[in-house]
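Presented below is the structure to which this report refers.
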Amino acid sequence: MKIEAIAREVFEIEAKAIFNLSNNLTVDFKEAVEAILKSKGKLIISGMGKSGIIGKKIAATMASTGTPSFFLHPGEAYHGDLGMIESEDILLLISNSGETDEVLKLIPFLKAQKNIIIAMSGKLHSTLAKNAHYHLNVAVEKEACPLQLAPTSSTTATLVMGDALAVVLMEKRNFKDKDFAQFHPGGSLGRRLLTGVEDVMKRDNLPCVSSSSPIKKLIQVLSNARLGMVIVVDDGEILGVITDGDIRRAMEESEENFFKLVAFELMSKNPKTIDIKAKLTVAQELMTSSKVNSLLVVEEKQLVGIVQIYDLGL
């Protein structure tokens, strides 16, 4: 069998497993969501082996989308880490067979402490499913592994069920991009939502000229600043901007009088400005709607800097 054919077969098997998950949904899914929303504790996720790896990803997704969560290794829990579980916490226990010994050993403690247990397994009548308050069925017809040994389709289904749970919780919590950014300050979204214009703007040696500055002066300032523009300012008042494109067009249209031109004759009036306290998202929206690459940063109507699209980290 060709390499590409094997890969396509894996895609088809796992895609079918995901597609069939919708048939596995029961009222338990809805009630599990409601229980998590009502809980004043954390969502603690536990599983062994490949299920544990998937559990770590689900816990990370939950934690970053508004549901306090962490992964607890069942073996470590049984040897001292049970103290991390409080009575108000909800446990999501993952085991495809529903018979994983390390996971099942947690159940007596959880029942004694009256924790809510959500089971995620592929066996409806497993020990884990029978001892859980809610069961999320991740059963698959077959694994993509030709030996039917390595968890493949089953781990994919478990991951997708976890994603579905996380997304529903996001929607119910009305979790927005600004909330997501608070948990991801190092990412590009966090940067745009949490970083202010004043944090990235150019504030030193701004390319300013007066309205009467001759064309030679404009070219000199433009070349030295290397920002593609100069700002026309008289007595602290912003009058306009002149881009390198404006100068090139003037050179083509006014060859004979080009060197007689002054800034006032070349500038574009009413340039786009933004307040120094604005966030980068606001700057991005203004640049996009105005179809410009640069904004003049002002504080109490006074020029204090320039922010360009390259500064936004898009």
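Order determines the names: the first chain of the structure tokens is A, the second B, and so forth; residues in each chain are numbered 1 upward, and ligands are numbered 1 upward as they are shown.
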Query raised in the report: If you count only C-alpha atoms, which residues fall within 7 Å of range 124-138 of chain A, apart from same-chain ones fewer than 4 positions away, as a list in words?
Result: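 Non-adjacent residues within range: Leu21, Asn24, Asp28, Phe29, Ala32, Gly98, Glu99, Leu104, Ile116, Ile117, Ile118, Ala119, Met120, Ser154, Ala157 and Thr158 of chain A.
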Query raised in the report: Which of range 90-231 of chain A counts as strand (DSSP E) under DSSP, as a list in words please?
Result: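 For range 90-231 of chain A, the strand (DSSP E) set is Ile90, Leu91, Leu92, Leu93, Ile94, Ile116, Ile117, Ile118, Ala119, Met120, Ser121, Tyr134, His135, Leu136, Asn137, Cys208, Val209, Met229, Val230 and Ile231 of chain A.
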Requested in this report: Excluding Ala77 in chain A and residues on its chain fewer than 5 positions from it, collect all residues at most 10 Å away from it, counting only C-alpha atoms, and give them as a list in words.
Outcome: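 Selected residues are Ser46, Leu72, Leu82, Gly83, Met84, Ile85, Glu102, Val103, Lys105 and Leu106 of chain A.
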Selection from above, C-alpha atoms, as a short mmCIF file (atom, residue, chain, number, x, y, z; two decimals), in the first residue's frame, can you write it?
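Contents of the output file again.cif:
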data_model
loop_
_atom_site.label_atom_id
_atom_site.label_comp_id
_atom_site.auth_asym_id
_atom_site.auth_seq_id
_atom_site.Cartn_x
_atom_site.Cartn_y
_atom_site.Cartn_z
CA SER A 46 -6.86 13.21 35.22
CA LEU A 72 -3.53 15.89 37.96
CA LEU A 82 -5.05 14.11 46.51
CA GLY A 83 -4.61 17.04 48.85
CA MET A 84 -4.79 19.28 45.78
CA ILE A 85 -8.46 18.35 45.35
CA GLU A 102 -4.79 4.28 38.48
CA VAL A 103 -7.89 6.31 37.58
CA LYS A 105 -8.34 4.21 42.55
CA LEU A 106 -9.29 7.89 42.82
#
Requested in this report: Mind checking which residues fall within 9 Å of Ala278 in chain A, counting only C-alpha atoms, ignoring those fewer than 5 positions away in the same chain, and posting them as JSON, numbers by chain?
Outcome: {"A": [195, 196, 197, 198, 283]}
Export of the given selection (C-alpha atoms) as a PDB file, in the first residue's frame:
ATOM      1  CA  THR A 195      -0.412  46.910  24.786  1.00  0.00           C
ATOM      2  CA  GLY A 196      -0.907  50.651  24.422  1.00  0.00           C
ATOM      3  CA  VAL A 197       0.126  52.888  21.565  1.00  0.00           C
ATOM      4  CA  GLU A 198       2.519  54.709  23.902  1.00  0.00           C
ATOM      5  CA  ALA A 283      -4.795  51.683  16.166  1.00  0.00           C
TER       6      ALA A 283
END
Requested in this report: State, in Å with one decimal place, the distance from CA of Ala17 in chain A to CA of Ser121 in chain A.
Outcome: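 That distance, rounded to one decimal, is 13.8 Å.
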Report summary line: Min atom-atom distance to Pro271 in chain A from the set A:Val297, A:Val168, A:Met251, A:Leu149, counting only C-alpha atoms, belongs to A:Val297
